[in-house]
file model35.pdb (PDB, C-alpha atoms)
ATOM      1  CA  MET A   1     -60.561 -15.132  26.317
ATOM      2  CA  SER A   2     -59.635 -18.382  24.700
ATOM      3  CA  VAL A   3     -56.601 -18.900  22.461
ATOM      4  CA  ASN A   4     -56.983 -21.007  19.349
ATOM      5  CA  THR A   5     -53.685 -22.908  19.523
ATOM      6  CA  ASN A   6     -54.313 -24.903  16.362
ATOM      7  CA  ALA A   7     -54.995 -21.750  14.369
ATOM      8  CA  ASN A   8     -51.829 -20.091  15.679
ATOM      9  CA  MET A   9     -49.740 -23.151  14.809
ATOM     10  CA  SER A  10     -51.236 -23.176  11.311
ATOM     11  CA  VAL A  11     -50.204 -19.547  10.773
ATOM     12  CA  LEU A  12     -46.710 -20.291  12.034
ATOM     13  CA  ASP A  13     -46.439 -23.292   9.710
ATOM     14  CA  GLN A  14     -47.363 -21.096   6.747
ATOM     15  CA  ILE A  15     -44.751 -18.524   7.736
ATOM     16  CA  ASP A  16     -42.110 -21.232   8.128
ATOM     17  CA  ALA A  17     -43.005 -22.741   4.779
ATOM     18  CA  ALA A  18     -42.781 -19.349   3.060
ATOM     19  CA  PHE A  19     -39.421 -18.680   4.673
ATOM     20  CA  LEU A  20     -38.037 -22.054   3.572
ATOM     21  CA  ALA A  21     -39.294 -21.590   0.036
ATOM     22  CA  ARG A  22     -37.660 -18.175  -0.169
ATOM     23  CA  TRP A  23     -34.393 -19.514   1.262
ATOM     24  CA  ARG A  24     -34.271 -22.384  -1.233
ATOM     25  CA  ALA A  25     -34.910 -19.982  -4.116
ATOM     26  CA  GLY A  26     -32.082 -17.764  -2.943
ATOM     27  CA  ALA A  27     -32.525 -14.907  -0.543
ATOM     28  CA  PRO A  28     -32.128 -11.371  -1.867
ATOM     29  CA  PRO A  29     -28.600 -10.017  -1.561
ATOM     30  CA  ALA A  30     -27.763  -8.553   1.796
ATOM     31  CA  ALA A  31     -26.975  -4.905   2.144
ATOM     32  CA  PRO A  32     -23.312  -4.199   1.348
ATOM     33  CA  PRO A  33     -21.091  -3.908   4.402
ATOM     34  CA  ALA A  34     -19.848  -0.535   5.487
ATOM     35  CA  VAL A  35     -16.614   0.566   3.831
ATOM     36  CA  GLU A  36     -13.705   0.020   6.145
ATOM     37  CA  GLU A  37     -10.207   1.413   5.922
ATOM     38  CA  PRO A  38      -7.791  -1.246   4.641
ATOM     39  CA  PRO A  39      -5.282  -2.193   7.316
ATOM     40  CA  PRO A  40      -1.758  -0.805   7.065
ATOM     41  CA  MET A  41       0.608  -2.935   5.078
ATOM     42  CA  GLN A  42       1.892  -5.855   7.121
ATOM     43  CA  PRO A  43       4.703  -7.332   5.026
ATOM     44  CA  GLN A  44       4.957 -11.097   5.242
ATOM     45  CA  ALA A  45       8.648 -11.878   5.294
ATOM     46  CA  PRO A  46      10.032 -15.366   4.694
ATOM     47  CA  PRO A  47      11.628 -17.225   7.605
ATOM     48  CA  ILE A  48      14.794 -15.643   8.963
ATOM     49  CA  ASP A  49      17.030 -18.437   7.692
ATOM     50  CA  GLU A  50      15.777 -17.834   4.124
ATOM     51  CA  LEU A  51      16.455 -14.087   4.059
ATOM     52  CA  PRO A  52      19.370 -12.711   2.064
ATOM     53  CA  GLY A  53      22.163 -11.458   4.267
ATOM     54  CA  LEU A  54      22.038  -7.915   5.564
ATOM     55  CA  PRO A  55      24.786  -5.815   3.909
ATOM     56  CA  SER A  56      27.677  -5.319   6.284
ATOM     57  CA  ALA A  57      27.858  -1.801   7.650
ATOM     58  CA  PRO A  58      30.479  -1.640  10.397
ATOM     59  CA  ASP A  59      29.845   1.994  11.269
ATOM     60  CA  ALA A  60      26.046   1.824  10.703
ATOM     61  CA  THR A  61      25.662   5.521  11.371
ATOM     62  CA  SER A  62      23.147   6.472   8.697
ATOM     63  CA  ILE A  63      19.399   6.273   9.152
ATOM     64  CA  THR A  64      19.222   3.759   6.294
ATOM     65  CA  ASP A  65      21.765   1.379   7.855
ATOM     66  CA  ARG A  66      20.141   1.599  11.259
ATOM     67  CA  LEU A  67      16.638   0.978   9.955
ATOM     68  CA  LEU A  68      17.734  -1.960   7.822
ATOM     69  CA  ALA A  69      19.526  -3.543  10.758
ATOM     70  CA  ALA A  70      16.590  -2.977  13.116
ATOM     71  CA  ALA A  71      13.884  -4.466  10.869
ATOM     72  CA  TRP A  72      15.550  -6.557   8.176
ATOM     73  CA  PRO A  73      12.746  -9.187   7.951
ATOM     74  CA  GLU A  74      10.102  -6.451   7.598
ATOM     75  CA  TRP A  75      12.058  -4.721   4.815
ATOM     76  CA  ASN A  76      12.281  -8.043   2.993
ATOM     77  CA  GLY A  77       8.535  -8.487   3.364
ATOM     78  CA  LEU A  78       7.913  -5.083   1.822
ATOM     79  CA  ALA A  79      10.361  -5.855  -0.990
ATOM     80  CA  ALA A  80       8.509  -9.112  -1.657
ATOM     81  CA  HIS A  81       5.273  -7.119  -2.166
ATOM     82  CA  VAL A  82       7.025  -4.975  -4.767
ATOM     83  CA  GLU A  83       8.549  -7.978  -6.533
ATOM     84  CA  SER A  84       5.140  -9.637  -6.685
ATOM     85  CA  ALA A  85       3.626  -6.525  -8.267
ATOM     86  CA  ARG A  86       6.515  -6.405 -10.776
ATOM     87  CA  LEU A  87       5.574  -9.918 -11.876
ATOM     88  CA  ARG A  88       2.030  -8.612 -12.459
ATOM     89  CA  GLY A  89       3.415  -6.024 -14.865
ATOM     90  CA  ARG A  90       3.875  -3.071 -12.508
ATOM     91  CA  ARG A  91       7.142  -1.311 -13.143
ATOM     92  CA  VAL A  92       7.095   2.236 -11.681
ATOM     93  CA  PHE A  93       6.282   2.404  -7.963
ATOM     94  CA  ALA A  94       5.518   5.745  -6.346
ATOM     95  CA  ILE A  95       6.092   6.329  -2.644
ATOM     96  CA  ALA A  96       3.576   9.071  -1.864
ATOM     97  CA  GLY A  97       2.071  10.777   1.156
ATOM     98  CA  GLY A  98       0.105  13.738   2.395
ATOM     99  CA  GLU A  99       2.462  16.019   4.341
ATOM    100  CA  PRO A 100       6.145  16.900   4.812
ATOM    101  CA  ARG A 101       8.550  14.772   6.864
ATOM    102  CA  GLU A 102       6.676  11.488   6.668
ATOM    103  CA  GLY A 103       9.853   9.549   5.896
ATOM    104  CA  ARG A 104       9.159   8.910   2.208
ATOM    105  CA  SER A 105      12.757   9.473   1.090
ATOM    106  CA  THR A 106      14.046   7.197   3.844
ATOM    107  CA  LEU A 107      11.539   4.542   2.801
ATOM    108  CA  VAL A 108      12.712   4.752  -0.817
ATOM    109  CA  GLU A 109      16.370   4.400   0.207
ATOM    110  CA  CYS A 110      15.764   1.417   2.501
ATOM    111  CA  LEU A 111      13.470  -0.352   0.047
ATOM    112  CA  ALA A 112      15.931   0.154  -2.815
ATOM    113  CA  ALA A 113      18.793  -1.192  -0.702
ATOM    114  CA  THR A 114      16.746  -4.250   0.246
ATOM    115  CA  LEU A 115      15.718  -4.977  -3.334
ATOM    116  CA  ARG A 116      19.331  -4.732  -4.500
ATOM    117  CA  VAL A 117      20.460  -7.196  -1.856
ATOM    118  CA  ARG A 118      17.757  -9.519  -3.181
ATOM    119  CA  GLY A 119      19.335  -9.246  -6.636
ATOM    120  CA  ARG A 120      16.932  -6.776  -8.250
ATOM    121  CA  ASP A 121      17.839  -4.012 -10.672
ATOM    122  CA  VAL A 122      16.484  -0.857  -9.038
ATOM    123  CA  LEU A 123      16.373   2.735 -10.226
ATOM    124  CA  CYS A 124      15.380   5.545  -7.857
ATOM    125  CA  THR A 125      14.050   8.729  -9.376
ATOM    126  CA  THR A 126      11.951  11.819  -8.707
ATOM    127  CA  PRO A 127       8.600  12.900 -10.189
ATOM    128  CA  THR A 128      10.408  14.939 -12.858
ATOM    129  CA  GLY A 129      12.400  11.883 -13.899
ATOM    130  CA  VAL A 130       9.457   9.530 -14.327
ATOM    131  CA  MET A 131       8.677  10.533 -17.889
ATOM    132  CA  SER A 132      12.249   9.936 -19.019
ATOM    133  CA  VAL A 133      12.062   6.440 -17.548
ATOM    134  CA  THR A 134       8.754   5.661 -19.269
ATOM    135  CA  ALA A 135       9.548   7.381 -22.589
ATOM    136  CA  PRO A 136       9.348   5.164 -25.711
ATOM    137  CA  ASP A 137      13.128   5.362 -26.204
ATOM    138  CA  ALA A 138      13.911   4.547 -22.546
ATOM    139  CA  GLY A 139      13.956   0.797 -23.141
ATOM    140  CA  PRO A 140      11.343  -1.948 -23.063
ATOM    141  CA  ALA A 141       8.745  -1.758 -20.300
ATOM    142  CA  HIS A 142       8.912  -5.534 -19.860
ATOM    143  CA  ASP A 143      12.506  -5.511 -18.601
ATOM    144  CA  LYS A 144      13.176  -6.585 -15.018
ATOM    145  CA  ARG A 145      14.073  -3.152 -13.648
ATOM    146  CA  ILE A 146      12.076  -1.800 -10.704
ATOM    147  CA  VAL A 147      11.659   1.978 -10.621
ATOM    148  CA  LEU A 148      11.023   3.637  -7.247
ATOM    149  CA  VAL A 149       9.759   7.219  -7.288
ATOM    150  CA  ASP A 150      10.147   9.528  -4.308
ATOM    151  CA  ALA A 151       6.825  11.021  -5.312
ATOM    152  CA  GLY A 152       6.355  13.618  -2.567
ATOM    153  CA  ILE A 153       2.963  14.897  -1.453
ATOM    154  CA  TRP A 154       0.047  13.643  -3.511
ATOM    155  CA  PHE A 155      -2.631  14.411  -0.930
ATOM    156  CA  PRO A 156      -2.221  17.893   0.568
ATOM    157  CA  ALA A 157      -4.607  18.992   3.300
ATOM    158  CA  GLY A 158      -8.224  19.399   2.280
ATOM    159  CA  PRO A 159     -10.345  17.582  -0.306
ATOM    160  CA  ILE A 160      -8.600  15.371  -2.854
ATOM    161  CA  ARG A 161      -7.595  17.466  -5.851
ATOM    162  CA  ARG A 162      -8.273  15.111  -8.729
ATOM    163  CA  GLN A 163      -6.670  17.180 -11.473
ATOM    164  CA  TRP A 164      -3.533  17.556  -9.365
ATOM    165  CA  LEU A 165      -3.557  13.824  -8.595
ATOM    166  CA  ALA A 166      -3.988  12.936 -12.262
ATOM    167  CA  ALA A 167      -0.859  14.928 -13.107
ATOM    168  CA  CYS A 168       1.097  13.382 -10.201
ATOM    169  CA  THR A 169       0.304   9.808 -11.196
ATOM    170  CA  LEU A 170       1.426  10.072 -14.818
ATOM    171  CA  GLY A 171       3.813   7.243 -15.604
ATOM    172  CA  CYS A 172       3.243   5.423 -12.303
ATOM    173  CA  ASP A 173       1.844   1.884 -12.251
ATOM    174  CA  ALA A 174       1.581   1.362  -8.501
ATOM    175  CA  ALA A 175       1.906   3.237  -5.233
ATOM    176  CA  ILE A 176       2.815   2.685  -1.612
ATOM    177  CA  LEU A 177       1.088   5.233   0.598
ATOM    178  CA  VAL A 178       2.874   6.662   3.622
ATOM    179  CA  ARG A 179       1.419   8.348   6.667
ATOM    180  CA  LYS A 180       2.615   9.110  10.158
ATOM    181  CA  ALA A 181       1.414   6.674  12.772
ATOM    182  CA  ASP A 182      -0.539   9.354  14.628
ATOM    183  CA  ARG A 183      -2.551  10.400  11.570
ATOM    184  CA  LYS A 184      -5.977   9.008  10.769
ATOM    185  CA  PRO A 185      -6.331   6.705   7.749
ATOM    186  CA  ALA A 186      -7.932   8.119   4.605
ATOM    187  CA  VAL A 187      -9.692   5.405   2.636
ATOM    188  CA  ALA A 188     -10.579   7.844  -0.160
ATOM    189  CA  ARG A 189      -6.927   8.035  -1.220
ATOM    190  CA  ARG A 190      -6.853   4.418  -2.302
ATOM    191  CA  ALA A 191     -10.107   4.765  -4.236
ATOM    192  CA  ALA A 192      -8.906   7.917  -5.985
ATOM    193  CA  LEU A 193      -5.662   6.279  -7.122
ATOM    194  CA  GLU A 194      -7.352   3.135  -8.338
ATOM    195  CA  ALA A 195      -9.704   5.325 -10.394
ATOM    196  CA  PHE A 196      -6.593   6.498 -12.269
ATOM    197  CA  GLY A 197      -5.391   2.929 -12.799
ATOM    198  CA  VAL A 198      -2.706   3.045 -10.100
ATOM    199  CA  GLU A 199      -2.549  -0.116  -8.008
ATOM    200  CA  VAL A 200      -2.164   0.613  -4.305
ATOM    201  CA  LEU A 201       0.103  -2.013  -2.755
ATOM    202  CA  GLY A 202      -0.605  -0.876   0.789
ATOM    203  CA  GLU A 203       0.134   1.713   3.400
ATOM    204  CA  VAL A 204       3.250   2.130   5.519
ATOM    205  CA  LEU A 205       3.033   3.842   8.892
ATOM    206  CA  THR A 206       6.063   5.907   9.840
ATOM    207  CA  PHE A 207       7.140   8.377  12.466
ATOM    208  CA  THR A 208       9.869  10.984  12.714
ATOM    209  CA  ASP A 209      11.951  11.212  15.862
ATOM    210  CA  THR A 210      13.154  14.778  15.406
ATOM    211  CA  ASP A 211      14.797  14.898  18.813
ATOM    212  CA  GLU A 212      17.126  11.992  18.115
ATOM    213  CA  CYS A 213      18.163  12.478  14.514
ATOM    214  CA  PRO A 214      17.251  15.900  13.110
ATOM    215  CA  ALA A 215      20.372  16.162  10.950
ATOM    216  CA  THR A 216      20.370  12.747   9.311
ATOM    217  CA  GLU A 217      16.795  12.333   8.171
ATOM    218  CA  PRO A 218      16.423  13.023   4.443
ATOM    219  CA  SER A 219      14.022  15.787   3.525
ATOM    220  CA  SER A 220      10.837  14.703   1.778
TER
END
call {"tool": "encode", "arguments": {"input": "model35.pdb", "output": "structure tokens"}}
result
Amino acid sequence: MSVNTNANMSVLDQIDAAFLARWRAGAPPAAPPAVEEPPPMQPQAPPIDELPGLPSAPDATSITDRLLAAAWPEWNGLAAHVESARLRGRRVFAIAGGEPREGRSTLVECLAATLRVRGRDVLCTTPTGVMSVTAPDAGPAHDKRIVLVDAGIWFPAGPIRRQWLAACTLGCDAAILVRKADRKPAVARRAALEAFGVEVLGEVLTFTDTDECPATEPSS
């Protein structure tokens, strides 16, 4: 059986020409990539010599003091994320999670302390206090104050409860999600919040060492 090499080359040339013509005209859009979970927040802190000084705490016995001292650059990086969002018009920041004892209250306390050292006016409140902060007679929304909300559990076990979430997010402009380091990420949480107009700044991974400090950790 003979092979017609010239004929085969002619077919290949036609295929190549068609491919080049299609490429020059613009290939059809590729299939969208699979949705991936956004990485946990990795605050980018400025160089150590540019950080504001850590508040002196000679006894340093509280969880807040110990955490600030142990990771001062990281706390400044997280505070910088919040300040950046404030410049974009975000004012009320919710710290929210999906289960008890994730360290949300501790996160609020440490973040507030860091922001104050950086010269920011910070107000910490609870979900019931959000509406009083955002009420028409509460002052202009364009002031420089940063409001941190210890928002509690927005994502209880099971499917996302959208009506519940809509009520939780009232008055909040942005959110920092919290989960324990041994829990799996849940990409749907970010999408659900953004559907309600809440900007998700990122996710903080925490853990609770109940053996070492059961009495000093704030309840969430």
call {"tool": "residues_around", "arguments": {"input": "model35.pdb", "residues": "range 81-97 of chain A", "least_positions_apart": "2", "cutoff": "9 Å", "atoms": "only C-alpha atoms", "output": "MDAnalysis selection string"}}
result
chainID A and resid 43:44 76:79 99:100 102 104:105 107:108 115 120 127 130 133:134 141:156 169 171:179 199 201
call {"tool": "atom_distance", "arguments": {"input": "model35.pdb", "atom1": "CA of Glu203 in chain A", "atom2": "CA of Ala191 in chain A"}}
result
13.1 Å
call {"tool": "resolve_selection", "arguments": {"input": "model35.pdb", "expression": "the PyMOL selection byres ((chain A and resi 184) around 12)", "output": "list in words"}}
result
Glu37, Pro39, Pro40, Gly98, Val178, Arg179, Lys180, Ala181, Asp182, Arg183, Pro185, Ala186, Val187, Ala188 and Leu205 of chain A
call {"tool": "write_last_selection", "arguments": {"input": "model35.pdb", "atoms": "C-alpha atoms", "output": "compact mmCIF listing (two decimals), keeping the file's coordinate frame"}}
result
# COMPACT_ATOMS: atom_id res chain seq x y z
CA GLU A 37 -10.21 1.41 5.92
CA PRO A 39 -5.28 -2.19 7.32
CA PRO A 40 -1.76 -0.80 7.06
CA GLY A 98 0.10 13.74 2.40
CA VAL A 178 2.87 6.66 3.62
CA ARG A 179 1.42 8.35 6.67
CA LYS A 180 2.62 9.11 10.16
CA ALA A 181 1.41 6.67 12.77
CA ASP A 182 -0.54 9.35 14.63
CA ARG A 183 -2.55 10.40 11.57
CA PRO A 185 -6.33 6.70 7.75
CA ALA A 186 -7.93 8.12 4.61
CA VAL A 187 -9.69 5.40 2.64
CA ALA A 188 -10.58 7.84 -0.16
CA LEU A 205 3.03 3.84 8.89
call {"tool": "atom_distance", "arguments": {"input": "model35.pdb", "atom1": "CA of Glu194 in chain A", "atom2": "CA of Ala113 in chain A"}}
result
27.6 Å
call {"tool": "atom_distance", "arguments": {"input": "model35.pdb", "atom1": "CA of Ile63 in chain A", "atom2": "CA of Glu109 in chain A"}}
result
9.6 Å
call {"tool": "closest_residue", "arguments": {"input": "model35.pdb", "among": "A:Arg101, A:Thr114, A:Ile160, A:Leu170", "to": "Glu74 in chain A", "atoms": "only C-alpha atoms"}}
result
A:Thr114
call {"tool": "build_atoms", "arguments": {"input": "model35.pdb", "residues": "range 106-135 of chain A", "atoms": "N, CA and C atoms", "output": "PDB file, in the frame of the given file"}}
result
ATOM      1  N   THR A 106      13.394   8.276   3.102  1.00  0.00           N
ATOM      2  CA  THR A 106      14.046   7.197   3.844  1.00  0.00           C
ATOM      3  C   THR A 106      13.488   5.848   3.424  1.00  0.00           C
ATOM      4  N   LEU A 107      12.170   5.778   3.229  1.00  0.00           N
ATOM      5  CA  LEU A 107      11.539   4.542   2.801  1.00  0.00           C
ATOM      6  C   LEU A 107      12.062   4.111   1.432  1.00  0.00           C
ATOM      7  N   VAL A 108      12.190   5.067   0.514  1.00  0.00           N
ATOM      8  CA  VAL A 108      12.712   4.752  -0.817  1.00  0.00           C
ATOM      9  C   VAL A 108      14.130   4.195  -0.709  1.00  0.00           C
ATOM     10  N   GLU A 109      14.979   4.832   0.075  1.00  0.00           N
ATOM     11  CA  GLU A 109      16.370   4.400   0.207  1.00  0.00           C
ATOM     12  C   GLU A 109      16.460   2.992   0.796  1.00  0.00           C
ATOM     13  N   CYS A 110      15.709   2.737   1.859  1.00  0.00           N
ATOM     14  CA  CYS A 110      15.764   1.417   2.501  1.00  0.00           C
ATOM     15  C   CYS A 110      15.186   0.326   1.603  1.00  0.00           C
ATOM     16  N   LEU A 111      14.087   0.637   0.932  1.00  0.00           N
ATOM     17  CA  LEU A 111      13.470  -0.352   0.047  1.00  0.00           C
ATOM     18  C   LEU A 111      14.387  -0.659  -1.132  1.00  0.00           C
ATOM     19  N   ALA A 112      15.004   0.370  -1.704  1.00  0.00           N
ATOM     20  CA  ALA A 112      15.931   0.154  -2.815  1.00  0.00           C
ATOM     21  C   ALA A 112      17.112  -0.703  -2.378  1.00  0.00           C
ATOM     22  N   ALA A 113      17.660  -0.413  -1.202  1.00  0.00           N
ATOM     23  CA  ALA A 113      18.793  -1.192  -0.702  1.00  0.00           C
ATOM     24  C   ALA A 113      18.403  -2.656  -0.505  1.00  0.00           C
ATOM     25  N   THR A 114      17.209  -2.882   0.017  1.00  0.00           N
ATOM     26  CA  THR A 114      16.746  -4.250   0.246  1.00  0.00           C
ATOM     27  C   THR A 114      16.559  -4.996  -1.064  1.00  0.00           C
ATOM     28  N   LEU A 115      15.943  -4.341  -2.037  1.00  0.00           N
ATOM     29  CA  LEU A 115      15.718  -4.977  -3.334  1.00  0.00           C
ATOM     30  C   LEU A 115      17.043  -5.322  -4.021  1.00  0.00           C
ATOM     31  N   ARG A 116      18.028  -4.458  -3.881  1.00  0.00           N
ATOM     32  CA  ARG A 116      19.331  -4.732  -4.500  1.00  0.00           C
ATOM     33  C   ARG A 116      20.018  -5.921  -3.853  1.00  0.00           C
ATOM     34  N   VAL A 117      19.893  -6.023  -2.532  1.00  0.00           N
ATOM     35  CA  VAL A 117      20.460  -7.196  -1.856  1.00  0.00           C
ATOM     36  C   VAL A 117      19.769  -8.471  -2.346  1.00  0.00           C
ATOM     37  N   ARG A 118      18.507  -8.368  -2.672  1.00  0.00           N
ATOM     38  CA  ARG A 118      17.757  -9.519  -3.181  1.00  0.00           C
ATOM     39  C   ARG A 118      18.019  -9.771  -4.658  1.00  0.00           C
ATOM     40  N   GLY A 119      18.933  -9.005  -5.254  1.00  0.00           N
ATOM     41  CA  GLY A 119      19.335  -9.246  -6.636  1.00  0.00           C
ATOM     42  C   GLY A 119      18.531  -8.518  -7.683  1.00  0.00           C
ATOM     43  N   ARG A 120      17.767  -7.498  -7.287  1.00  0.00           N
ATOM     44  CA  ARG A 120      16.932  -6.776  -8.250  1.00  0.00           C
ATOM     45  C   ARG A 120      17.663  -5.547  -8.800  1.00  0.00           C
ATOM     46  N   ASP A 121      17.327  -5.231 -10.037  1.00  0.00           N
ATOM     47  CA  ASP A 121      17.839  -4.012 -10.672  1.00  0.00           C
ATOM     48  C   ASP A 121      16.882  -2.884 -10.319  1.00  0.00           C
ATOM     49  N   VAL A 122      17.353  -1.913  -9.564  1.00  0.00           N
ATOM     50  CA  VAL A 122      16.484  -0.857  -9.038  1.00  0.00           C
ATOM     51  C   VAL A 122      16.994   0.505  -9.485  1.00  0.00           C
ATOM     52  N   LEU A 123      16.070   1.348  -9.896  1.00  0.00           N
ATOM     53  CA  LEU A 123      16.373   2.735 -10.226  1.00  0.00           C
ATOM     54  C   LEU A 123      15.508   3.625  -9.351  1.00  0.00           C
ATOM     55  N   CYS A 124      16.125   4.563  -8.658  1.00  0.00           N
ATOM     56  CA  CYS A 124      15.380   5.545  -7.857  1.00  0.00           C
ATOM     57  C   CYS A 124      15.346   6.868  -8.616  1.00  0.00           C
ATOM     58  N   THR A 125      14.180   7.478  -8.643  1.00  0.00           N
ATOM     59  CA  THR A 125      14.050   8.729  -9.376  1.00  0.00           C
ATOM     60  C   THR A 125      13.064   9.647  -8.661  1.00  0.00           C
ATOM     61  N   THR A 126      12.863  10.809  -9.243  1.00  0.00           N
ATOM     62  CA  THR A 126      11.951  11.819  -8.707  1.00  0.00           C
ATOM     63  C   THR A 126      10.777  11.980  -9.666  1.00  0.00           C
ATOM     64  N   PRO A 127       9.733  12.713  -9.273  1.00  0.00           N
ATOM     65  CA  PRO A 127       8.600  12.900 -10.189  1.00  0.00           C
ATOM     66  C   PRO A 127       9.005  13.470 -11.544  1.00  0.00           C
ATOM     67  N   THR A 128       9.992  14.364 -11.575  1.00  0.00           N
ATOM     68  CA  THR A 128      10.408  14.939 -12.858  1.00  0.00           C
ATOM     69  C   THR A 128      11.153  13.935 -13.720  1.00  0.00           C
ATOM     70  N   GLY A 129      11.666  12.876 -13.123  1.00  0.00           N
ATOM     71  CA  GLY A 129      12.400  11.883 -13.899  1.00  0.00           C
ATOM     72  C   GLY A 129      11.559  10.722 -14.375  1.00  0.00           C
ATOM     73  N   VAL A 130      10.292  10.666 -13.960  1.00  0.00           N
ATOM     74  CA  VAL A 130       9.457   9.530 -14.327  1.00  0.00           C
ATOM     75  C   VAL A 130       9.253   9.443 -15.829  1.00  0.00           C
ATOM     76  N   MET A 131       8.989  10.563 -16.468  1.00  0.00           N
ATOM     77  CA  MET A 131       8.677  10.533 -17.889  1.00  0.00           C
ATOM     78  C   MET A 131       9.863  10.068 -18.712  1.00  0.00           C
ATOM     79  N   SER A 132      11.082  10.409 -18.278  1.00  0.00           N
ATOM     80  CA  SER A 132      12.249   9.936 -19.019  1.00  0.00           C
ATOM     81  C   SER A 132      12.405   8.422 -18.886  1.00  0.00           C
ATOM     82  N   VAL A 133      11.979   7.886 -17.752  1.00  0.00           N
ATOM     83  CA  VAL A 133      12.062   6.440 -17.548  1.00  0.00           C
ATOM     84  C   VAL A 133      11.023   5.709 -18.394  1.00  0.00           C
ATOM     85  N   THR A 134       9.845   6.315 -18.551  1.00  0.00           N
ATOM     86  CA  THR A 134       8.754   5.661 -19.269  1.00  0.00           C
ATOM     87  C   THR A 134       8.645   6.094 -20.727  1.00  0.00           C
ATOM     88  N   ALA A 135       9.576   6.929 -21.195  1.00  0.00           N
ATOM     89  CA  ALA A 135       9.548   7.381 -22.589  1.00  0.00           C
ATOM     90  C   ALA A 135       9.757   6.196 -23.538  1.00  0.00           C
TER      91      ALA A 135
END
